[in-house]
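Colleague: Okay, here's the structure, questions in a sec.
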2 protein chains.
Amino acid sequence: MLAKRIKASYLIETSFPPDEAAEVMAGEQSCGTFIKTPGESDHLRRNHRATVENIEILETVGRPTLSGARIYKESAVINRARVTLSWPIENIGYNLPNLVSTIAGNLFELAPFSGLRLLDFDIPGDFAEAYPGPAHGIAGTRSLVGVYDRPIIGTIIKPSVGLTPSQTAQQTKRLIEAGLDFIKDDELMGDPPHSPFDERVGKVMEVIDGHAQRTGKKAMYAFNLSGDIDDMLNRHDYLVQMGATCAMVNLNAVGISAVEYFTSYSQLPVHGHRNGWGMLTRCDVLGMDYPAYQKIWRLAGVDHMHTNGIRNKFCESDESVIRSIRSCLAPFADLRSPMPVLSSGQWAGQTVDTFAAIDSTDLMYLCGGGIVGHPAGMEAGVKSIIQGWEAALSGKSLEEYAKDHVELEEALAFFSNKT
Amino acid sequence: MLAKRIKASYLIETSFPPDEAAEVMAGEQSCGTFIKTPGESDHLRRNHRATVENIEILETVGRPTLSGARIYKESAVINRARVTLSWPIENIGYNLPNLVSTIAGNLFELAPFSGLRLLDFDIPGDFAEAYPGPAHGIAGTRSLVGVYDRPIIGTIIKPSVGLTPSQTAQQTKRLIEAGLDFIKDDELMGDPPHSPFDERVGKVMEVIDGHAQRTGKKAMYAFNLSGDIDDMLNRHDYLVQMGATCAMVNLNAVGISAVEYFTSYSQLPVHGHRNGWGMLTRCDVLGMDYPAYQKIWRLAGVDHMHTNGIRNKFCESDESVIRSIRSCLAPFADLRSPMPVLSSGQWAGQTVDTFAAIDSTDLMYLCGGGIVGHPAGMEAGVKSIIQGWEAALSGKSLEEYAKDHVELEEALAFFSNKT
């Protein structure tokens, strides 16, 4: 039993000797204090105290990044270091929220640290017996969409809010007639008075089913059912009844236990939207890296995970985006991979570079302007993106492939100097 | 309908003209884009676009605090400003997770911002019909504990993990015999193999009930039942069956929808632990302020909210702690106030200053070393803290009140030069 351990690695910034600072983390997140308390027997410490597995000094900085930290002494050097801690599974049992409280709880407030960020973690394989992870994942999603040899091409209904159910259905009709595989609600669109969930689902599914009957191709629409748990379950049941094939959840706002409850219940793949993630990650020395974040949600059973795409319109660097996508596709505790969802400023132009970086087409590729803004129309927009991925898979440059593919050629001519 | 609006205020840092940056926020968090998209009619914008209500320039900074932000132009000044946005309730309906996604979602990743922090928000009063807030709050908690005219004095079982149920019960016995009103599990202690939840509850409640039968005083014990939803409900039912009077939840790790579901179900006050909060708040220009945070959890129905205490051992300043406590006690949308829970390094020494700052005894005052470390024993420790609050209420200084109160005198002599 004691051989099974949870491990987590952190970036720390501290004016304390790094080994001493790491022991403060290990104490606070296990037996509770740095100093032995009454009742903290040697036996208890041996069996339950977190262990500092490794410390690697990375660099020094001129002044503390976060305010409020205690300074070791006036002349102390401020180090950044990578620290790995481990805990016996005995401390936690197989309990996802308490795992998160252990590896990402009080320690961010500890006084010696002017920076502390969770980088990654690992768990014993049998954690997956309690948390079996995504039920659908990549293969299940591909099978529902009927797209196997390239990314699933999708978009987001805009404007985010304000459209009536009929207007949303009309827009859906144009988008699927243009050839899109996947459409989603914006994260702001839930069940508001101007677009009640059930009515929106009804109108949209009528369009999707009509198109499927005519063409044999049934697009996937991710309806945002985020809300209170009873509402989420009722909305799910309505989705199933109406033949919908995907449910979207705002992960951070709904939270781990409710998402886990929902994925255990859901017959449909769960599309995880990460809005609010910026809060957890934009400060370089606080919060967490995406590889840790996606593991938490993978344990909670989420089938699709947003990652941003390269050359996006948000603040995230390409390096960070690529690492995020790779982390979703990497093995973890025998759980299925969630399908990474690339979005923000995506068009045909990023296809070859994205493929070069991740060597996979197991992703959703969501475009807005890259489809609706194509000079020859939306259908040409979808084609240009598929052609971009064909170029990537055939090992050709976009320019070369565009010589025989007019929609890609038009996209390159039109979008290249806009991004 | 359209007159009812949600408001939220933010600290922003940007090299863009602040009014332009604020419009980017308003666009992203409502209709979806800064530029008008097809389908975004004037009617839709008029009824659904977020409005910039106010912008107040605060200061300029020499360089961007967070990395990744787009720079307006080489020579641009970087401003910090306070911005207030508002949304029609029509955009969201009465849906707590989608409220959070609207006021604290994607906007943290927007490119123009090298800092963005949610400071506070307000909602239409009828939101409380859907989310009635804490069912027990301060009055319900006082009534269960039987303490009315002073703070509820409590402590936390230590070591945090590793004690068996019998050892936890033994420690509980000593603590309640010393006169404590309230005891809680550590946030790391859930349902591990070495201390199964039901067994711990059984052993602890036997001690608490025995003491109540002998003395008439029933201490409140907050058992940490954080976990998957079915487990949380089962553990709750066991608590009720065993006569326990409080359930503790790790708020950030369990999440909003599950906490809301649980508080709606719970017959017991829900003790909200904020571990992980450091991630959301320690960077001064990212995440959120506690006044906004406690409103989210108040809407979710949490009865007790951790705030830290003054002169604590974490990184938080006294100014921030006081603001947090006040925000819990302040009115909000006709919901009951959660009881603020002060902890970390607390002993008799902070009582008078705390009362001077918040002018209320409606709080839980949790001490560790301040009780078990008292030179004359734990019972004297508890007495010293009660005497500290008596001093505060009588308008006397600690030193003055200590002249006639030996336990307080001993505490002052012993702890004063340790903190």
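Every chain in the structure tokens takes a letter, A first, then B, and so on in the order presented; its residues are numbered from 1, and the ligands are numbered from 1 following the presented order.
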Please identify all polymer residues within 6 Å of stretch 156-158 of chain B, counting only C-alpha atoms, omitting same-chain residues fewer than 3 positions from it, and present them as a list in words.

Modeller: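 In the requested form, the answer reads Ile183, Lys184 and Asp185 of chain B.
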
Colleague: Do a neighbour search on B:Pro17 at 12 Å with only C-alpha atoms, toss out local chain neighbours closer than 6 positions, and write the hits as a PyMOL selection string.

Modeller: chain B and resi 23-24+55+57+71-73+76-81+112-113

Colleague: If you run DSSP on the backbone, which residues of stretch 161-243 of chain B are alpha helix (DSSP H), as a PyMOL selection string?

Modeller: chain B and resi 165-177+197-215+229-241

Colleague: Could you tell me, as a VMD selection string, which residues of stretch 152-370 of chain A DSSP assigns to strand (DSSP E) when given the backbone?

Modeller: chain A and resid 152 to 156 182 to 184 220 to 224 246 to 250 270 to 273 286 to 288 304 to 306 339 to 342 364 to 366

Colleague: Take the residues just selected and output them with N, CA, C and O atoms as a tab-separated table (two decimals), in the first residue's frame.

Modeller:
```
chain	number	residue	atom	x	y	z
A	152	ILE	N	-11.45	17.21	-36.90
A	152	ILE	CA	-12.86	17.59	-36.98
A	152	ILE	C	-12.90	19.12	-37.10
A	152	ILE	O	-12.33	19.82	-36.27
A	153	ILE	N	-13.55	19.59	-38.16
A	153	ILE	CA	-13.56	21.04	-38.43
A	153	ILE	C	-14.84	21.64	-37.86
A	153	ILE	O	-15.94	21.16	-38.15
A	154	GLY	N	-14.67	22.69	-37.08
A	154	GLY	CA	-15.84	23.23	-36.41
A	154	GLY	C	-15.84	24.74	-36.29
A	154	GLY	O	-14.89	25.41	-36.72
A	155	THR	N	-16.91	25.25	-35.71
A	155	THR	CA	-17.00	26.69	-35.46
A	155	THR	C	-17.93	26.95	-34.26
A	155	THR	O	-18.48	26.00	-33.68
A	156	ILE	N	-18.04	28.22	-33.92
A	156	ILE	CA	-18.81	28.66	-32.75
A	156	ILE	C	-19.89	29.61	-33.24
A	156	ILE	O	-19.60	30.49	-34.05
A	182	PHE	N	-18.71	20.21	-36.94
A	182	PHE	CA	-18.95	20.47	-35.51
A	182	PHE	C	-19.30	21.94	-35.31
A	182	PHE	O	-18.67	22.82	-35.89
A	183	ILE	N	-20.28	22.17	-34.47
A	183	ILE	CA	-20.68	23.54	-34.10
A	183	ILE	C	-20.91	23.56	-32.61
A	183	ILE	O	-21.33	22.57	-32.03
A	184	LYS	N	-20.61	24.69	-31.99
A	184	LYS	CA	-20.85	24.77	-30.55
A	184	LYS	C	-21.50	26.09	-30.16
A	184	LYS	O	-21.29	27.13	-30.81
A	220	MET	N	-22.10	17.37	-35.44
A	220	MET	CA	-22.18	17.38	-33.97
A	220	MET	C	-22.36	18.82	-33.50
A	220	MET	O	-21.63	19.70	-33.94
A	221	TYR	N	-23.32	19.02	-32.62
A	221	TYR	CA	-23.52	20.35	-32.02
A	221	TYR	C	-23.35	20.20	-30.51
A	221	TYR	O	-24.01	19.37	-29.89
A	222	ALA	N	-22.45	21.00	-29.94
A	222	ALA	CA	-22.22	20.97	-28.49
A	222	ALA	C	-23.08	22.05	-27.84
A	222	ALA	O	-22.78	23.23	-27.94
A	223	PHE	N	-24.16	21.61	-27.20
A	223	PHE	CA	-25.07	22.53	-26.51
A	223	PHE	C	-24.55	22.79	-25.10
A	223	PHE	O	-24.28	21.84	-24.35
A	224	ASN	N	-24.46	24.07	-24.74
A	224	ASN	CA	-23.94	24.42	-23.41
A	224	ASN	C	-25.03	24.24	-22.36
A	224	ASN	O	-25.91	25.09	-22.22
A	246	CYS	N	-23.72	15.85	-28.40
A	246	CYS	CA	-22.65	16.41	-27.56
A	246	CYS	C	-23.21	17.40	-26.55
A	246	CYS	O	-24.14	18.15	-26.85
A	247	ALA	N	-22.65	17.39	-25.34
A	247	ALA	CA	-23.03	18.33	-24.28
A	247	ALA	C	-21.81	19.14	-23.89
A	247	ALA	O	-20.74	18.58	-23.67
A	248	MET	N	-21.98	20.44	-23.81
A	248	MET	CA	-20.86	21.29	-23.42
A	248	MET	C	-21.01	21.78	-21.98
A	248	MET	O	-22.10	22.10	-21.53
A	249	VAL	N	-19.89	21.83	-21.28
A	249	VAL	CA	-19.88	22.29	-19.89
A	249	VAL	C	-18.76	23.31	-19.69
A	249	VAL	O	-17.64	23.11	-20.16
A	250	ASN	N	-19.07	24.40	-19.00
A	250	ASN	CA	-18.05	25.36	-18.58
A	250	ASN	C	-17.35	24.79	-17.34
A	250	ASN	O	-17.87	24.88	-16.23
A	270	VAL	N	-18.65	14.81	-23.58
A	270	VAL	CA	-18.73	16.08	-22.86
A	270	VAL	C	-17.62	17.01	-23.35
A	270	VAL	O	-16.43	16.68	-23.28
A	271	HIS	N	-18.06	18.14	-23.87
A	271	HIS	CA	-17.15	19.14	-24.45
A	271	HIS	C	-16.78	20.13	-23.34
A	271	HIS	O	-17.64	20.86	-22.85
A	272	GLY	N	-15.52	20.14	-22.95
A	272	GLY	CA	-15.10	20.95	-21.81
A	272	GLY	C	-14.57	22.30	-22.23
A	272	GLY	O	-13.54	22.39	-22.91
A	273	HIS	N	-15.25	23.36	-21.81
A	273	HIS	CA	-14.78	24.72	-22.10
A	273	HIS	C	-14.02	25.25	-20.90
A	273	HIS	O	-14.48	25.13	-19.77
A	286	LEU	N	2.44	31.43	-10.63
A	286	LEU	CA	1.30	31.12	-9.77
A	286	LEU	C	0.34	30.22	-10.55
A	286	LEU	O	0.35	30.18	-11.77
A	287	GLY	N	-0.50	29.49	-9.81
A	287	GLY	CA	-1.53	28.69	-10.47
A	287	GLY	C	-0.99	27.38	-10.99
A	287	GLY	O	-0.32	26.65	-10.28
A	288	MET	N	-1.30	27.07	-12.24
A	288	MET	CA	-0.83	25.78	-12.75
A	288	MET	C	-0.60	25.80	-14.25
A	288	MET	O	-1.11	26.64	-14.97
A	304	HIS	N	-13.61	16.38	-24.46
A	304	HIS	CA	-12.97	17.39	-25.32
A	304	HIS	C	-12.42	18.50	-24.44
A	304	HIS	O	-13.13	18.98	-23.56
A	305	MET	N	-11.17	18.87	-24.67
A	305	MET	CA	-10.56	19.92	-23.83
A	305	MET	C	-10.03	21.07	-24.70
A	305	MET	O	-9.21	20.86	-25.59
A	306	HIS	N	-10.48	22.28	-24.39
A	306	HIS	CA	-9.98	23.45	-25.11
A	306	HIS	C	-8.51	23.71	-24.80
A	306	HIS	O	-8.09	23.57	-23.65
A	339	MET	N	-10.01	14.81	-26.54
A	339	MET	CA	-9.71	15.39	-27.86
A	339	MET	C	-9.38	16.86	-27.66
A	339	MET	O	-10.23	17.61	-27.15
A	340	PRO	N	-8.19	17.31	-28.05
A	340	PRO	CA	-7.87	18.72	-27.89
A	340	PRO	C	-8.69	19.58	-28.85
A	340	PRO	O	-8.91	19.19	-30.00
A	341	VAL	N	-9.13	20.72	-28.38
A	341	VAL	CA	-9.96	21.63	-29.17
A	341	VAL	C	-9.18	22.92	-29.40
A	341	VAL	O	-8.93	23.68	-28.48
A	342	LEU	N	-8.77	23.12	-30.66
A	342	LEU	CA	-7.97	24.29	-31.01
A	342	LEU	C	-8.91	25.39	-31.50
A	342	LEU	O	-9.79	25.13	-32.33
A	364	MET	N	-9.91	18.80	-32.65
A	364	MET	CA	-10.96	19.63	-33.23
A	364	MET	C	-10.31	20.96	-33.58
A	364	MET	O	-9.55	21.52	-32.79
A	365	TYR	N	-10.65	21.44	-34.77
A	365	TYR	CA	-10.03	22.65	-35.27
A	365	TYR	C	-11.15	23.65	-35.54
A	365	TYR	O	-11.87	23.55	-36.53
A	366	LEU	N	-11.32	24.59	-34.59
A	366	LEU	CA	-12.45	25.52	-34.66
A	366	LEU	C	-12.02	26.86	-35.25
A	366	LEU	O	-11.07	27.48	-34.78
```

Colleague: Using only C-alpha atoms, which protein or nucleic acid residues come within 6 Å of A:Ile92? Drop anything in the same chain fewer than 2 positions from it, and give the result as a list in words.

Modeller: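 Here the answer would be Ile89 and Glu90 of chain A; Pro192 of chain B.
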
Colleague: Now that the selection is made, can you save its residues with N, CA and C atoms as a PDB file, in the first residue's frame?

Modeller:
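Once everything was written out, this is selection_12.pdb:
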```
ATOM      1  N   ILE A  89      -0.635   7.314  -1.201  1.00  0.00           N
ATOM      2  CA  ILE A  89      -2.059   7.333  -1.556  1.00  0.00           C
ATOM      3  C   ILE A  89      -2.917   7.160  -0.300  1.00  0.00           C
ATOM      4  N   GLU A  90      -2.331   6.537   0.721  1.00  0.00           N
ATOM      5  CA  GLU A  90      -2.983   6.386   2.021  1.00  0.00           C
ATOM      6  C   GLU A  90      -3.508   7.701   2.599  1.00  0.00           C
TER       7      GLU A  90
ATOM      8  N   PRO B 192      -9.815   8.759   3.900  1.00  0.00           N
ATOM      9  CA  PRO B 192      -8.687   7.911   3.522  1.00  0.00           C
ATOM     10  C   PRO B 192      -8.756   6.557   4.213  1.00  0.00           C
TER      11      PRO B 192
END
```

Colleague: Excluding B:Gly278 and residues on its chain fewer than 6 positions from it, collect all residues at most 12 Å away from it, counting only C-alpha atoms, and give them as a ChimeraX atom specification.

Modeller: /A:66-68,101,104-111,113-117,279-280,285-288 /B:252,284,286-290,293,307-308,314-316

Colleague: For B:Ala244, find every residue with an atom within 10 Å (counting only C-alpha atoms), except residues of its own chain fewer than 6 positions away, and show them as an NGL selection string.

Modeller: :B and (201-202 or 204-205 or 208-209 or 218-223 or 236-238 or 268)

Colleague: What does the distance from atom CA of A:Gly255 to atom CA of A:Leu329 come to in Å, to one decimal?

Modeller: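 Between atom CA of A:Gly255 and atom CA of A:Leu329 the gap is 22.7 Å.
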
Colleague: Which residues are near A:Ser226? Cut-off 7 Å, only C-alpha atoms, ignore same chain within fewer than 4 positions. Put them as a list in words.

Modeller: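 Non-adjacent residues within range: Gly190, Met232, Val249, Asn250 and Val254 of chain A; Pro97 and Asn98 of chain B.
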
Colleague: In terms of the shortest atom-to-atom distance over only C-alpha atoms, which of B:Trp297, B:Tyr94, B:Phe121, B:Trp87 is closest to chain A?

Modeller: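 Comparing B:Trp297, B:Tyr94, B:Phe121, B:Trp87 against chain A, the winner is B:Tyr94.
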
Colleague: Ranking B:Ser394, B:Thr14, B:Ser143, B:Asn312 by minimum distance to chain A and counting only C-alpha atoms, which one comes first?

Modeller: B:Asn312

Colleague: May I have the residues within 8 Å of B:Gly345 as a ChimeraX atom specification, using only C-alpha atoms and disregarding those fewer than 4 positions away in the same chain?

Modeller: /B:309,311-313,367-370
